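Chemist: Next comes the structure file input34.tsv, holding TSV, C-alpha atoms and all ligand atoms.
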```
chain	number	residue	atom	x	y	z
A	1201	MET	CA	0.00	0.00	0.00
A	1202	LYS	CA	1.37	3.39	-1.01
A	1203	LEU	CA	0.03	5.88	1.51
A	1204	GLY	CA	-0.54	9.30	0.00
A	1205	ARG	CA	-1.59	12.56	1.55
A	1206	LEU	CA	-4.54	12.93	3.87
A	1207	ASN	CA	-6.87	14.48	1.32
A	1208	HIS	CA	-9.82	15.26	3.56
A	1209	ILE	CA	-11.74	14.48	6.71
A	1210	GLY	CA	-15.43	13.82	6.12
A	1211	VAL	CA	-17.60	15.55	8.69
A	1212	ALA	CA	-21.32	14.83	8.87
A	1213	THR	CA	-23.57	17.75	9.69
A	1214	PRO	CA	-27.31	18.27	9.97
A	1215	SER	CA	-26.82	21.68	8.32
A	1216	ILE	CA	-24.05	22.61	5.92
A	1217	GLU	CA	-25.13	26.22	6.24
A	1218	ASP	CA	-24.58	26.22	10.01
A	1219	SER	CA	-21.27	24.37	9.61
A	1220	ILE	CA	-20.01	26.89	7.05
A	1221	ALA	CA	-20.77	29.66	9.53
A	1222	HIS	CA	-18.85	27.74	12.21
A	1223	TYR	CA	-15.77	27.21	10.05
A	1224	ARG	CA	-15.80	30.82	8.87
A	1225	GLU	CA	-16.58	32.59	12.13
A	1226	VAL	CA	-15.07	30.32	14.78
A	1227	MET	CA	-12.27	28.58	12.90
A	1228	GLY	CA	-11.28	31.44	10.61
A	1229	ALA	CA	-11.62	29.52	7.35
A	1230	THR	CA	-11.24	31.83	4.37
A	1231	LYS	CA	-11.57	29.37	1.48
A	1232	ILE	CA	-14.96	27.69	1.52
A	1233	HIS	CA	-16.18	26.16	-1.73
A	1234	THR	CA	-19.70	26.24	-3.14
A	1235	PRO	CA	-21.84	23.36	-1.80
A	1236	PHE	CA	-23.10	20.86	-4.37
A	1237	ASP	CA	-25.28	17.75	-4.45
A	1238	LEU	CA	-23.62	14.38	-4.91
A	1239	GLU	CA	-26.77	12.48	-5.85
A	1240	ALA	CA	-25.02	9.12	-6.26
A	1241	GLN	CA	-24.00	9.17	-2.60
A	1242	GLY	CA	-27.18	10.81	-1.31
A	1243	VAL	CA	-25.32	13.75	0.18
A	1244	LYS	CA	-24.82	17.46	-0.18
A	1245	VAL	CA	-21.11	18.32	-0.03
A	1246	CYS	CA	-19.09	21.42	0.83
A	1247	PHE	CA	-15.30	21.57	0.98
A	1248	VAL	CA	-13.50	23.84	3.40
A	1249	ASP	CA	-9.79	24.34	2.66
A	1250	THR	CA	-7.09	24.44	5.26
A	1251	PRO	CA	-3.79	26.01	4.19
A	1252	ALA	CA	-1.05	23.67	2.94
A	1253	HIS	CA	1.48	25.45	5.12
A	1254	SER	CA	1.17	27.33	8.37
A	1255	THR	CA	2.80	30.59	7.37
A	1256	GLY	CA	1.18	32.65	10.06
A	1257	SER	CA	0.00	35.04	7.39
A	1258	GLY	CA	-3.42	33.51	7.17
A	1259	SER	CA	-2.84	32.60	3.58
A	1260	SER	CA	-5.34	30.19	2.11
A	1261	ASP	CA	-3.28	28.52	-0.57
A	1262	SER	CA	-4.86	25.33	-1.81
A	1263	GLY	CA	-3.19	22.01	-1.29
A	1264	GLY	CA	-3.90	21.56	2.40
A	1265	THR	CA	-6.13	18.88	3.82
A	1266	GLN	CA	-9.78	19.72	3.40
A	1267	ILE	CA	-12.81	19.32	5.62
A	1268	GLU	CA	-15.59	17.68	3.60
A	1269	LEU	CA	-18.89	18.73	5.12
A	1270	ILE	CA	-21.63	16.27	4.24
A	1271	GLU	CA	-25.35	16.65	4.84
A	1272	PRO	CA	-27.99	14.04	3.93
A	1273	LEU	CA	-29.91	14.84	0.74
A	1274	GLY	CA	-33.01	13.03	1.97
A	1275	PRO	CA	-34.31	10.42	4.42
A	1276	ASP	CA	-32.81	7.57	2.36
A	1277	SER	CA	-29.30	8.99	2.61
A	1278	PRO	CA	-26.65	6.68	4.05
A	1279	LEU	CA	-25.90	9.56	6.44
A	1280	THR	CA	-29.35	9.58	8.03
A	1281	ASN	CA	-28.50	6.74	10.43
A	1282	PHE	CA	-25.23	8.39	11.42
A	1283	LEU	CA	-27.01	11.62	12.32
A	1284	GLU	CA	-29.65	9.75	14.29
A	1285	LYS	CA	-26.85	8.36	16.45
A	1286	ASN	CA	-24.84	11.60	16.39
A	1287	PRO	CA	-27.35	14.46	16.23
A	1288	LEU	CA	-24.64	17.14	16.29
A	1289	GLY	CA	-22.82	15.46	13.41
A	1290	GLY	CA	-19.10	14.80	13.70
A	1291	GLN	CA	-16.23	12.96	12.11
A	1292	HIS	CA	-17.59	10.47	9.60
A	1293	HIS	CA	-14.60	9.28	7.54
A	1294	VAL	CA	-11.01	10.01	6.63
A	1295	CYS	CA	-9.75	10.01	3.04
A	1296	PHE	CA	-6.23	9.10	1.96
A	1297	GLU	CA	-4.85	9.48	-1.55
A	1298	VAL	CA	-3.16	6.64	-3.42
A	1299	PRO	CA	-1.35	6.80	-6.78
A	1300	ASP	CA	-3.37	3.96	-8.32
A	1301	ILE	CA	-6.88	3.09	-7.18
A	1302	GLU	CA	-6.99	-0.39	-8.74
A	1303	ASP	CA	-3.68	-1.41	-7.16
A	1304	ALA	CA	-4.90	-0.15	-3.79
A	1305	ARG	CA	-8.20	-2.01	-4.08
A	1306	LYS	CA	-6.40	-5.25	-4.93
A	1307	GLU	CA	-4.10	-4.83	-1.94
A	1308	PHE	CA	-6.97	-4.23	0.49
A	1309	GLU	CA	-8.84	-7.23	-0.96
A	1310	GLU	CA	-5.80	-9.45	-0.55
A	1311	LEU	CA	-5.57	-8.40	3.09
A	1312	GLY	CA	-9.21	-9.43	3.54
A	1313	LYS	CA	-10.43	-5.89	4.23
A	1314	ARG	CA	-14.10	-5.38	3.53
A	1315	ILE	CA	-14.61	-2.85	0.74
A	1316	LEU	CA	-17.99	-1.16	0.68
A	1317	GLY	CA	-19.43	-1.18	-2.83
A	1318	PRO	CA	-17.77	-0.63	-6.18
A	1319	THR	CA	-15.03	1.82	-7.03
A	1320	ARG	CA	-16.84	4.98	-8.10
A	1321	ILE	CA	-16.31	8.64	-8.86
A	1322	GLY	CA	-16.14	10.68	-5.69
A	1323	ALA	CA	-16.66	14.33	-4.80
A	1324	HIS	CA	-13.34	15.36	-6.39
A	1325	GLY	CA	-14.16	13.69	-9.69
A	1326	THR	CA	-11.59	10.93	-9.15
A	1327	PRO	CA	-12.17	7.22	-8.40
A	1328	ILE	CA	-12.73	6.29	-4.76
A	1329	PHE	CA	-13.84	3.39	-2.60
A	1330	PHE	CA	-14.63	2.97	1.09
A	1331	VAL	CA	-13.22	0.38	3.50
A	1332	HIS	CA	-15.25	-0.91	6.45
A	1333	PRO	CA	-14.40	0.78	9.78
A	1334	LYS	CA	-14.24	-2.60	11.55
A	1335	ASP	CA	-11.26	-3.52	9.36
A	1336	MET	CA	-9.66	-0.06	9.69
A	1337	GLN	CA	-9.09	0.56	13.39
A	1338	GLY	CA	-12.62	1.86	13.80
A	1339	MET	CA	-12.43	4.50	11.06
A	1340	LEU	CA	-14.53	4.47	7.93
A	1341	THR	CA	-11.75	5.03	5.39
A	1342	GLU	CA	-12.08	6.47	1.90
A	1343	ILE	CA	-9.31	5.69	-0.57
A	1344	MET	CA	-9.03	8.14	-3.43
A	1345	GLU	CA	-6.83	8.25	-6.49
A	1346	THR	CA	-4.65	11.35	-6.44
A	1347	PRO	CA	-6.05	13.88	-8.90
A	1348	LYS	CA	-3.93	14.08	-12.03
A	1349	GLU	CA	-2.28	17.35	-12.93
A	1350	GLY	CA	-4.77	19.60	-14.65
A	1351	THR	CA	-7.87	17.64	-13.68
A	1352	HIS	CA	-8.01	19.02	-10.17
A	1353	TRP	CA	-11.58	20.09	-9.61
A	1354	SER	CA	-12.22	23.77	-9.16
A	1355	ASN	CA	-15.51	24.43	-7.55
B	1401	CO	CO	-15.02	11.89	1.49
```
Go ahead and render the structure in this file as C-alpha cells.
Modeler:
Amino acid sequence: MKLGRLNHIGVATPSIEDSIAHYREVMGATKIHTPFDLEAQGVKVCFVDTPAHSTGSGSSDSGGTQIELIEPLGPDSPLTNFLEKNPLGGQHHVCFEVPDIEDARKEFEELGKRILGPTRIGAHGTPIFFVHPKDMQGMLTEIMETPKEGTHWSN
C-alpha cells in the first residue's frame, strides 16, 4: 500500500449552512467552496480548505487537507443513520490518496479488508472506494486516487 496525503476528513452535519458559519466565524476559514449535491452518494457536499502550510500570514493557498462537510440529501441517505446516532454530526470518515486506485483495491482485498461497494467517482471527480471501519481501526476510510495534474476540480 502506497500511503498518499490525507486528502480530507469527512464531517457529517445536519446543516451545511450552520457548519459553514462555524468554520468561517469560529475557525477562521477563508476558502470555503460552493456546496453541491452528490446524488449518487445521497449527500450534499461542501469543501473547506485548510492552508497547505502554516505561514502565520493567514494565507489560504490550496493544497492543504480539506474538511468535507456532508449533509444528507433526503431520508434515504446513508448519512441519516449516522445523524440519528450523532445528532450534532461529527467525524464520519477520513480520506487518503493513493497513486493507483486499482492497485490499492487489490491490496486491500488481498488483506481481507471489507470494501464497501464498487469503485466509483467521488466528490473530487476521481475514483474512490470505502473500506469498512471494523477492518480499519474503527475508522470508515475512503481511498481516493490522487487527482492528475490539470484535472483538479475547481468548484
Ligand atoms: Co469523502
Chemist: Could you check which of A:Asn1286, A:Ser1219, A:Thr1250, A:Gln1266 is closest to ligand CO 1401 (chain B), using all atoms listed in the file?
Modeler: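 Looking at the shortest contact to ligand CO 1401 (chain B), the residue is A:Gln1266.
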Chemist: Kindly indicate which residue among A:Glu1345, A:Glu1310, A:Glu1297, A:Glu1225 lies nearest to Leu1206 in chain A, using all atoms listed in the file for the distances.
Modeler: A:Glu1297
Chemist: Is there a way to get, as a list in words, all residues within 8 Å of the point (-29.1, 15.1, 4.7) in file coordinates, counting all atoms listed in the file?
Modeler: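 Residues found, by chain and rising number: Thr1213, Pro1214, Ser1215, Gly1242, Val1243, Lys1244, Ile1270, Glu1271, Pro1272, Leu1273, Gly1274, Pro1275, Ser1277, Leu1279 and Thr1280 of chain A.
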Chemist: Kindly export the residues of the current selection with C-alpha atoms, as a PDB file, keeping the file's coordinate frame.
Modeler:
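Saved result, part34.pdb, follows:
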```
ATOM      1  CA  THR A1213     -23.570  17.750   9.690  1.00  0.00           C
ATOM      2  CA  PRO A1214     -27.310  18.270   9.970  1.00  0.00           C
ATOM      3  CA  SER A1215     -26.820  21.680   8.320  1.00  0.00           C
ATOM      4  CA  GLY A1242     -27.180  10.810  -1.310  1.00  0.00           C
ATOM      5  CA  VAL A1243     -25.320  13.750   0.180  1.00  0.00           C
ATOM      6  CA  LYS A1244     -24.820  17.460  -0.180  1.00  0.00           C
ATOM      7  CA  ILE A1270     -21.630  16.270   4.240  1.00  0.00           C
ATOM      8  CA  GLU A1271     -25.350  16.650   4.840  1.00  0.00           C
ATOM      9  CA  PRO A1272     -27.990  14.040   3.930  1.00  0.00           C
ATOM     10  CA  LEU A1273     -29.910  14.840   0.740  1.00  0.00           C
ATOM     11  CA  GLY A1274     -33.010  13.030   1.970  1.00  0.00           C
ATOM     12  CA  PRO A1275     -34.310  10.420   4.420  1.00  0.00           C
ATOM     13  CA  SER A1277     -29.300   8.990   2.610  1.00  0.00           C
ATOM     14  CA  LEU A1279     -25.900   9.560   6.440  1.00  0.00           C
ATOM     15  CA  THR A1280     -29.350   9.580   8.030  1.00  0.00           C
TER      16      THR A1280
END
```
Chemist: Of the candidates A:Val1331, A:Ile1220, A:Ala1240, A:Leu1269, which shows the shortest atom-to-atom distance to Glu1307 in chain A, using only C-alpha atoms?
Modeler: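 The shortest atom-to-atom distance to Glu1307 in chain A comes from A:Val1331.
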Chemist: Report as an MDAnalysis selection string which protein, DNA and RNA residues come within 10 Å of ligand CO 1401 (chain B), using all atoms listed in the file.
Modeler: chainID A and resid 1207:1211 1245 1247 1266:1270 1292:1296 1322:1324 1328:1330 1340:1344
Chemist: What does the distance from CA of Pro1235 in chain A to CA of Glu1217 in chain A come to in Å, to one decimal?
Modeler: 9.1 Å
Chemist: Could you please determine the separation between CA of Met1336 in chain A and CA of Gly1264 in chain A in Å, to one decimal place?
Modeler: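 CA of Gly1264 in chain A lies at a distance of 23.5 Å from CA of Met1336 in chain A.
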Chemist: Between A:Cys1246, A:Leu1283, A:Met1227, A:Leu1238, which one has atoms that come closest to Ala1212 in chain A, using all atoms listed in the file?
Modeler: A:Leu1283
Chemist: Leaving out Phe1308 in chain A and any residue of its chain fewer than 6 positions from it, which residues lie within 9 Å of it when counting all atoms listed in the file, given as an MDAnalysis selection string?
Modeler: chainID A and resid 1201 1314:1315 1331
Chemist: Calculated over all atoms listed in the file, which of the candidates A:Ile1301, A:Ile1321, A:Leu1311, A:Ile1216 has the smallest distance to Gln1241 in chain A?
Modeler: A:Ile1321
Chemist: CA of Gly1228 in chain A to CA of Gly1204 in chain A: how many Å, to one decimal?
Modeler: 26.8 Å
